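Below you'll find the structure, written out as structure tokens, and then a few comments.
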Amino acid sequence: MKAPGKRDLVSIDDLGSEEILELFRHADAFRENLRGWSHVCGGTILATLFFEPSTRTRLSFESAMLRLGGGVITVPEGSSSSRAKGESLADTVRVVGGAYADILVVRHPQDGSALVAGRYADVPVINGGDGAHEHPTQTLCDMYTLWRERGRLEGLDVVLCGDLRYSRTIHSLAYALGRFRANIITIPYPGFEMPKYVLEKLRKDYGVKATSASLGDLQDIVADRSSAAAYLTASKPHQQALFTELTEHHVDRIDAIYMTRAQRERYGSEQEGGMTFPKLSEASLRSEMFRDTRVMHPLPRVDEIDFELDKDPRAVYFRQAEFGVPMRMALMAFLLGKIQLDAKPPALRGEANYLSSVGGFVCRNERCITMGEGRRYLIPEFQVLAEQPPQLACVYCGRVRAPALVGDRTQNRCAAVGAPWIDAVAAADRIYFGSEEQAVAAGFSVDPEVR
Amino acid sequence: MKAPGKRDLVSIDDLGSEEILELFRHADAFRENLRGWSHVCGGTILATLFFEPSTRTRLSFESAMLRLGGGVITVPEGSSSSRAKGESLADTVRVVGGAYADILVVRHPQDGSALVAGRYADVPVINGGDGAHEHPTQTLCDMYTLWRERGRLEGLDVVLCGDLRYSRTIHSLAYALGRFRANIITIPYPGFEMPKYVLEKLRKDYGVKATSASLGDLQDIVADRSSAAAYLTASKPHQQALFTELTEHHVDRIDAIYMTRAQRERYGSEQEGGMTFPKLSEASLRSEMFRDTRVMHPLPRVDEIDFELDKDPRAVYFRQAEFGVPMRMALMAFLLGKIQLDAKPPALRGEANYLSSVGGFVCRNERCITMGEGRRYLIPEFQVLAEQPPQLACVYCGRVRAPALVGDRTQNRCAAVGAPWIDAVAAADRIYFGSEEQAVAAGFSVDPEVR
Amino acid sequence: MKAPGKRDLVSIDDLGSEEILELFRHADAFRENLRGWSHVCGGTILATLFFEPSTRTRLSFESAMLRLGGGVITVPEGSSSSRAKGESLADTVRVVGGAYADILVVRHPQDGSALVAGRYADVPVINGGDGAHEHPTQTLCDMYTLWRERGRLEGLDVVLCGDLRYSRTIHSLAYALGRFRANIITIPYPGFEMPKYVLEKLRKDYGVKATSASLGDLQDIVADRSSAAAYLTASKPHQQALFTELTEHHVDRIDAIYMTRAQRERYGSEQEGGMTFPKLSEASLRSEMFRDTRVMHPLPRVDEIDFELDKDPRAVYFRQAEFGVPMRMALMAFLLGKIQLDAKPPALRGEANYLSSVGGFVCRNERCITMGEGRRYLIPEFQVLAEQPPQLACVYCGRVRAPALVGDRTQNRCAAVGAPWIDAVAAADRIYFGSEEQAVAAGFSVDPEVR
């Protein structure tokens with residue numbers, strides 16, 4: 001299926017760090033004269049397949065392709081039509097990625113859908129957001145903005161603020177910051193802290209320890225340490241809001257604050273006794289520490305940044321949106337082979353070690369495409385993250401799950417996790433089950449200690 | 001925000017009369033060979049942002065931009081997406097009018113939304129219909145059709161027929177006719193008369209007195225004056241329909257009849273005992289007076305013009321729709337700086353005299369954007385139309401409201417409208433309130449006679 | 001209305017057989033280098049008006065026009081907007097086919113709507129599917145695929161399988177196969193047999209007798225004649241599925257199997273005790289007879305072809321979808337006059353003999369546009385298929401209906417069908433009625449024998 005040598009952007013990890021920096025330089029060239037590049041992709045067609053609405057992302061890609069001289073076909077909100085008739089995503093991208101279009105941008109509600117699209121389409125696929133999983137071009141644009149505004153990425157002090165728990169944008173950005181060795185300061189809304197697995201991955205994969213500040217007591221901070229702390233003004237009088245001191249990491253000045261939208265759908269409306277959250281305003285940024293800070297936001301913004309701040313030169317969120325166009329021009333021109341990069345692509349993400357499910361071990365993420373429409377045609381695949389005890393990551397959505405039994409594929413025999421004889425089984429011969437029933441159904445004998 | 005020198009088309013008043021006539025001549029050139037102008041806007045991107053559906057207007061603009069050689073990105077019905085997530089129109093146009101697009105056409109359900117879009121976007125904004133407020137390109141196309149069909153505008157005798165009460169198209173056209181010194185004859189459906197404020201503005205601003213004819217008694221007209229009167233055939237036998245004589249203005253021949261759709265949603269369906277209205281047919285046009293009349297309609301048509309009339313050479317409504325493309329080509333090429341006009345732009349609509357609300361005086365038009373999403377970020381602004389008694393017009397939606405109190409800004413003192421000492425307060429120092437409570441809340445003392 | 005010499009594609013019969021083969025050769029040229037033809041339709045605008053959703057058809061046309069260098073404007077799902085305001089299709093195509101666009105593709109839920117669009121638009125109209133009536137470009141693409149894959153059409157042995165009753169795609173394809181003298185073998189799902197009128201038309205118009213095979217008893221076929229019969233594996237164990245021997249037509253090898261989607265909406269879901277149907281899989285194709293068979297499908301596919309078969313070189317359904325783009329490029333370039341064909345166009349489909357309804361004889365197909373929105377502006381028209389007894393075919397939807405009375409237009413006299421004096425009335429003077437009441441209402445005397 002997948003054409004040899006074809007590059008997709010399913011995850012930000014599909015691009016090497018050097019490649020990313022090269023793309024930034026190409027984006028700069030495009031940006032200098034947005035209207036001067038209509039020869040680059042003349043005759044090329046982009047298809048934007050949006051099975052979930054996203055005006056901003058869709059329009060940004062379409063504008064980028066038009067500015068490159070190509071054409072656009074679109075399914076603006078694919079709820080209807082072929083999908084309603086029961087067509088699989090795999091079929092849709094094979095058709096549209098046939099003679100119809102030369103590159104696809106896909107947004108789809110199921111985690112892992114972008115990988116499916118990339119595997120089945122003959123043409124390059126860009127992930128425009130797959131469920132709660134990844135949204136890599138948002139991250140590319142965020143990093144490009146930081147890089148342009150500050151001239152570098154390494155060693156920057158970046159505050160991530162707001163809903164750090166549910167925002168896939170924040171998680172992807174955090175990994176990218178870690179990869180480029182920026183420092184991360186987290187200031188979550190109460191109850192919206194960064195998940196442990198994200199912090200763990202930052203530590204393990206990039207050696208980054210995110211420094212945590214919290215929205216604390218306003219009086220304290222004003223009294224004690226107004227110069228070393230940032231505070232957020234509350235949007236309601238009874239709200240209190242501030243950063244406490246950044247104790248673990250000495251920070252003289254903040255390079256950027258990345259603010260995110262409170263996901264209202266997650267915690268109920270104000271009327272129902274829900275929380276209101278502080279709003280970032282000019283007053284929040286009076287400390288010397290913020291003299292030169294760039295305020296970023298992925299947009300759309302609701303109430304989390306005061307409209308008055310828009311006029312402040314430190315507010316760069318509209319510029320950040322603008323940068324999305326040249327960045328996406330560079331990305332598409334690259335994936336279409338119209339510009340070449342000197343840097344080497346990243347090593348394959350271990351596809352050789354992928355383990356296809358045998359015996360019924362499946363992902364348990366309800367939003368994963370292998371549990372959704374993929375049931376009809378996808379074979380679950382896992383990556384073995386650890387062996388003692390075994391940890392398997394779904395290749396599609398990344399969700400990690402521990403099997404209950406491990407076995408020997410060559411002997412049709414298995415046992416509960418931890419059984420000593422397993423150590424002697426070669427990695428390639430191992431097989432995993434979620435339950436004894438699965439093992440039996442697959443024709444395996446189960447060691448008695450399991451019972 | 002607004003780029004210096006940028007031109008928008010929020011209201012038909014944003015174009016000078018000489019500019020309009022120059023645009024007509026450019027439209028003529030475009031029209032002669034629609035396919036010969038793809039060099040004019042090469043590399044330019046139009047974004048059509050339609051927060052309310054309107055196929056015809058949207059497609060007309062998109063076709064015009066494609067014929068000029070540019071590209072198009074579109075939000076065909078913006079109910080979903082960013083707006084659903086709570087984004088303001090101001091944010092949307094700042095993003096889309098950033099790197100995404102070079103010119104915007106916005107249709108939005110709230111009155112005054114086009115002004116908001118024009119103020120916040122960096123690129124030219126064209127009002128594609130803002131609530132019940134304005135739809136200036138429809139008026140431009142109507143006037144262009146009249147001008148082409150009759151060779152001039154001044155002194156034309158134009159009948160406005162149908163729903164003259166609720167149709168913003170009719171109101172805008174009436175003002176434009178007045179501005180170009182055409183004569184207006186109104187023939188409303190019963191209960192759908194032209195509003196007094198429209199007639200008043202026609203008289204005051206342009207010195208035009210609209211002549212009124214009415215749908216009267218069929219026998220009378222047939223018996224007395226079949227040559228001097230037009231009549232409409234009723235679509236149901238029990239309906240009676242005719243024009244009575246045009247008594248106040250001597251009219252030998254009618255240059256054009258502009259027919260509008262009965263707004264069914266306003267008066268209930270026929271089944272519920274609602275009215276049926278007469279239909280314009282060939283029989284309606286047999287009088288010598290109509291020998292050369294042009295029948296116009298903004299479309300879509302429902303039943304108000306008989307389908308048989310389509311073949312009559314006097315029916316020009318499909319040509320009128322066609323003219324929309326070259327007219328919009330000329331408009332966009334002008335706003336994008338691709339063609340220059342010799343005429344001077346109109347004087348600014350008195351922005352210097354705009355009065356920002358102080359103390360809580362607000363617009364009371366429920367459809368006004370200042371009462372809708374604009375509450376979050378717009379400061380109400382008013383234009384002082386009159387002083388004795390004071391009349392304030394909302395800068396966004398045009399609705400006029402009379403304040404209850406007038407005060408002196410420099411002395412924090414106010415009084416009921418009509419208090420004699422107000423006359424001595426300089427215009428720039430005056431302040432207005434809707435109620436005593438507002439004045440007190442704003443820290444003003446209120447003269448006792450108010451109580 | 002209709003421009004002289006304008007060509008539409010309302011029905012596959014609008015193209016002559018030689019023209020079709022010439023278009024195939026042009027499609028081949030386009031296909032060889034899809035990106036090399038942007039000069040063919042530069043400056044041309046396609047409007048896709050989809051009053052019913054169809055992603056695949058719409059995107060295929062839009063891609064084809066972009067590859068030809070033209071632009072596209074679209075109404076992706078015309079439920080809203082002008083149509084919601086009550087506009088007729090005739091008005092819509094007159095406006096959009098005015099200055100807006102140079103060619104239209106229309107999909108509409110009412111049978112016969114494409115003919116209406118073709119008659120009212122000034123520019124070429126392509127039927128993108130009109131209700132349950134026709135979908136001629138699907139048929140063109142199917143035939144082009146067969147022609148490319150097998151090098152010819154005449155004498156091919158083609159199996160039509162699945163829902164042969166409700167699929168307009170299958171009916172149109174069957175006629176086209178007949179016209180090019182291919183042999184047809186039908187294998188319907190039980191209860192979804194090919195309708196008699198289709199078989200009759202095949203026999204009468206093209207001299208083709210479709211050979212019928214059936215899904216029978218699995219044991220029989222495996223035991224008796226595994227080499228000469230194809231079988232379908234059941235998707236559920238309790239299902240039985242096979243072809244019985246093809247007794248009436250000796251077939252050594254099958255050139256193509258054309259599979260169609262089970263129209264789930266027609267027979268209820270499985271949960272409600274509905275049927276499940278066999279799935280075409282690799283196992284179904286093991287017979288020598290299928291060694292070189294091409295498996296085709298109009299897509300979208302649901303479950304009727306096993307996903308595993310996708311990798312089989314005989315599965316050509318994705319290639320079939322790809323071929324749609326060059327085929328549609330050839331068609332549009334032809335209708336726009338950008339390429340010329342040597343072959344002569346087919347004779348007009350007897351428009352001279354069309355009979356406009358007099359006296360109220362109307363079509364009884366509830367989905368026919370003359371019974372839908374066309375009531376307001378269309379005059380029913382019929383073609384006289386036979387005289388003894390009379391059979392009238394609706395010109396719009398093709399539905400045949402027998403009148404109750406025949407009369408003499410010149411004498412205002414009529415009688416029950418079969419009255420002997422009718423034979424002496426010249427064809428041009430004959431008139432037909434559905435009932436005596438209609439005849440009387442039209443002012444005709446009715447011969448007493450009717451009573």
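Just so we're on the same page: first chain in the structure tokens is A, next is B, and so on; residues restart at 1 for each chain, and ligands are numbered from 1 in the order they show up.
Copy-to-copy comparison places chain A at a Cα RMSD of 0.2 Å from chain C, following a least-squares fit over all residues.
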Just want the 9 Å neighbourhood of Leu153 in chain A, counted on only C-alpha atoms, with same-chain residues fewer than 4 positions away dropped. Output as a PDB file with C-alpha atoms, in the first residue's frame.
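See part_32.pdb below for the written result:
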ATOM      1  CA  MET A 143       7.727  25.847  17.717  1.00  0.00           C
ATOM      2  CA  LEU A 146       8.947  30.463  19.412  1.00  0.00           C
ATOM      3  CA  TRP A 147      11.983  30.038  17.188  1.00  0.00           C
ATOM      4  CA  LEU A 177      10.060  21.640  23.872  1.00  0.00           C
ATOM      5  CA  PHE A 180      14.777  20.949  21.703  1.00  0.00           C
ATOM      6  CA  ARG A 181      15.949  21.314  25.323  1.00  0.00           C
ATOM      7  CA  ALA A 182      13.717  24.187  26.336  1.00  0.00           C
TER       8      ALA A 182
END
Query - Expected answer as number ranges by chain: chain A residues within 9 Å of chain B, only C-alpha atoms - result: A: 31, 34-38, 52-56, 59-64, 66-69, 71-72, 76, 299-303, 306-308, 311, 318-319, 321-326
Requested in this report: With a distance cut-off of 9 Å and only C-alpha atoms, select the neighbouring residues of range 112-115 of chain A, excluding the residue or stretch itself and same-chain residues fewer than 4 positions from it, and output the selection as a list of chain:residue names.
Outcome: A:Asp8, A:Leu9, A:Val10, A:Ser11, A:Leu89, A:Val106, A:Arg107, A:His108, A:Arg119, A:Tyr120, A:Val125, A:Ile126, A:Asn127, A:Gly128, A:Gly129, A:Asp130, A:Gly131, A:His133, A:Glu134, A:Arg367, A:Cys368, A:Ile369, A:Thr370, A:Gly374, A:Val395, A:Tyr396, A:Cys397, A:Gly398
Query raised in the report: Skipping near chain neighbours, those fewer than 4 positions away, what residues fall within 10 Å of Glu366 in chain C using only C-alpha atoms, listed as a list in words?
Result: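 With the cut-off at 10 Å, the set is Gln110, Asp111, Thr370, Met371 and Gly372 of chain C.
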Generate the output file for the selected residues, N, CA, C and O atoms, as a PDB file, in the first residue's frame.
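The result, stored in part_30.pdb:
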ATOM      1  N   GLN C 110     -34.640  14.298  -7.026  1.00  0.00           N
ATOM      2  CA  GLN C 110     -35.837  13.972  -7.801  1.00  0.00           C
ATOM      3  C   GLN C 110     -35.489  13.415  -9.182  1.00  0.00           C
ATOM      4  O   GLN C 110     -34.628  13.939  -9.883  1.00  0.00           O
ATOM      5  N   ASP C 111     -36.187  12.350  -9.575  1.00  0.00           N
ATOM      6  CA  ASP C 111     -36.002  11.754 -10.890  1.00  0.00           C
ATOM      7  C   ASP C 111     -36.339  12.784 -11.966  1.00  0.00           C
ATOM      8  O   ASP C 111     -37.387  13.422 -11.898  1.00  0.00           O
ATOM      9  N   THR C 370     -41.670  16.225 -11.964  1.00  0.00           N
ATOM     10  CA  THR C 370     -42.949  16.838 -12.377  1.00  0.00           C
ATOM     11  C   THR C 370     -43.996  16.733 -11.274  1.00  0.00           C
ATOM     12  O   THR C 370     -44.978  17.470 -11.275  1.00  0.00           O
ATOM     13  N   MET C 371     -43.802  15.788 -10.361  1.00  0.00           N
ATOM     14  CA  MET C 371     -44.704  15.641  -9.224  1.00  0.00           C
ATOM     15  C   MET C 371     -44.150  16.352  -7.995  1.00  0.00           C
ATOM     16  O   MET C 371     -44.801  16.404  -6.957  1.00  0.00           O
ATOM     17  N   GLY C 372     -42.911  16.833  -8.077  1.00  0.00           N
ATOM     18  CA  GLY C 372     -42.281  17.508  -6.947  1.00  0.00           C
ATOM     19  C   GLY C 372     -42.280  19.007  -7.191  1.00  0.00           C
ATOM     20  O   GLY C 372     -43.319  19.592  -7.486  1.00  0.00           O
TER      21      GLY C 372
END
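Going from CA of Gln391 in chain B to CA of Pro403 in chain B covers 7.1 Å.
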Requested in this report: Grab the CA of Val93 in chain B to CA of Phe50 in chain B distance for me, in Å with one decimal place.
Outcome: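 Spanning CA of Val93 in chain B to CA of Phe50 in chain B is a straight-line distance of 11.8 Å.
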Query raised in the report: Leu385 in chain B: which residues within 12 Å, counting only C-alpha atoms, same-chain residues fewer than 6 positions away excluded, as a VMD selection string?
Result: chain B and resid 350 353 to 355 391 to 395 398 to 403
For those residues, write N, CA, C and O atoms to a file as a CSV table (one decimal), in the first residue's frame.
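And here's result21.csv as it stands now:
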chain,number,residue,atom,x,y,z
B,350,GLY,N,-18.1,60.7,9.7
B,350,GLY,CA,-18.2,61.4,11.0
B,350,GLY,C,-17.6,60.7,12.2
B,350,GLY,O,-18.0,60.8,13.3
B,353,ASN,N,-16.8,62.3,15.3
B,353,ASN,CA,-17.9,62.7,16.3
B,353,ASN,C,-18.5,61.6,17.0
B,353,ASN,O,-19.5,61.7,17.7
B,354,TYR,N,-18.0,60.4,16.8
B,354,TYR,CA,-18.6,59.2,17.5
B,354,TYR,C,-18.4,59.4,19.0
B,354,TYR,O,-17.4,59.9,19.4
B,355,LEU,N,-19.4,58.9,19.7
B,355,LEU,CA,-19.4,59.0,21.1
B,355,LEU,C,-19.3,57.6,21.7
B,355,LEU,O,-20.2,56.8,21.5
B,391,GLN,N,-31.0,62.5,20.1
B,391,GLN,CA,-31.3,61.2,19.4
B,391,GLN,C,-29.9,60.6,19.1
B,391,GLN,O,-29.0,61.3,18.4
B,392,LEU,N,-29.6,59.4,19.6
B,392,LEU,CA,-28.3,58.8,19.4
B,392,LEU,C,-28.5,57.6,18.5
B,392,LEU,O,-29.4,56.7,18.7
B,393,ALA,N,-27.7,57.5,17.4
B,393,ALA,CA,-27.7,56.3,16.5
B,393,ALA,C,-26.5,55.4,16.8
B,393,ALA,O,-25.4,55.8,16.9
B,394,CYS,N,-26.8,54.1,17.0
B,394,CYS,CA,-25.8,53.1,17.3
B,394,CYS,C,-24.9,53.1,16.0
B,394,CYS,O,-25.3,52.9,14.9
B,395,VAL,N,-23.6,53.2,16.3
B,395,VAL,CA,-22.6,53.2,15.2
B,395,VAL,C,-22.6,51.9,14.5
B,395,VAL,O,-22.3,51.8,13.3
B,398,GLY,N,-27.0,51.2,13.5
B,398,GLY,CA,-27.8,52.3,13.0
B,398,GLY,C,-29.1,52.6,13.8
B,398,GLY,O,-29.7,53.6,13.6
B,399,ARG,N,-29.5,51.7,14.7
B,399,ARG,CA,-30.7,51.9,15.5
B,399,ARG,C,-30.6,53.2,16.3
B,399,ARG,O,-29.6,53.5,17.0
B,400,VAL,N,-31.7,54.0,16.2
B,400,VAL,CA,-31.7,55.3,17.0
B,400,VAL,C,-32.5,55.1,18.3
B,400,VAL,O,-33.5,54.5,18.4
B,401,ARG,N,-31.9,55.7,19.3
B,401,ARG,CA,-32.5,55.7,20.6
B,401,ARG,C,-32.4,57.0,21.3
B,401,ARG,O,-31.4,57.7,21.2
B,402,ALA,N,-33.4,57.4,22.1
B,402,ALA,CA,-33.4,58.6,22.8
B,402,ALA,C,-32.9,58.4,24.2
B,402,ALA,O,-33.5,57.6,24.9
B,403,PRO,N,-31.9,59.1,24.7
B,403,PRO,CA,-31.5,58.9,26.1
B,403,PRO,C,-32.5,59.6,27.0
B,403,PRO,O,-33.3,60.5,26.6
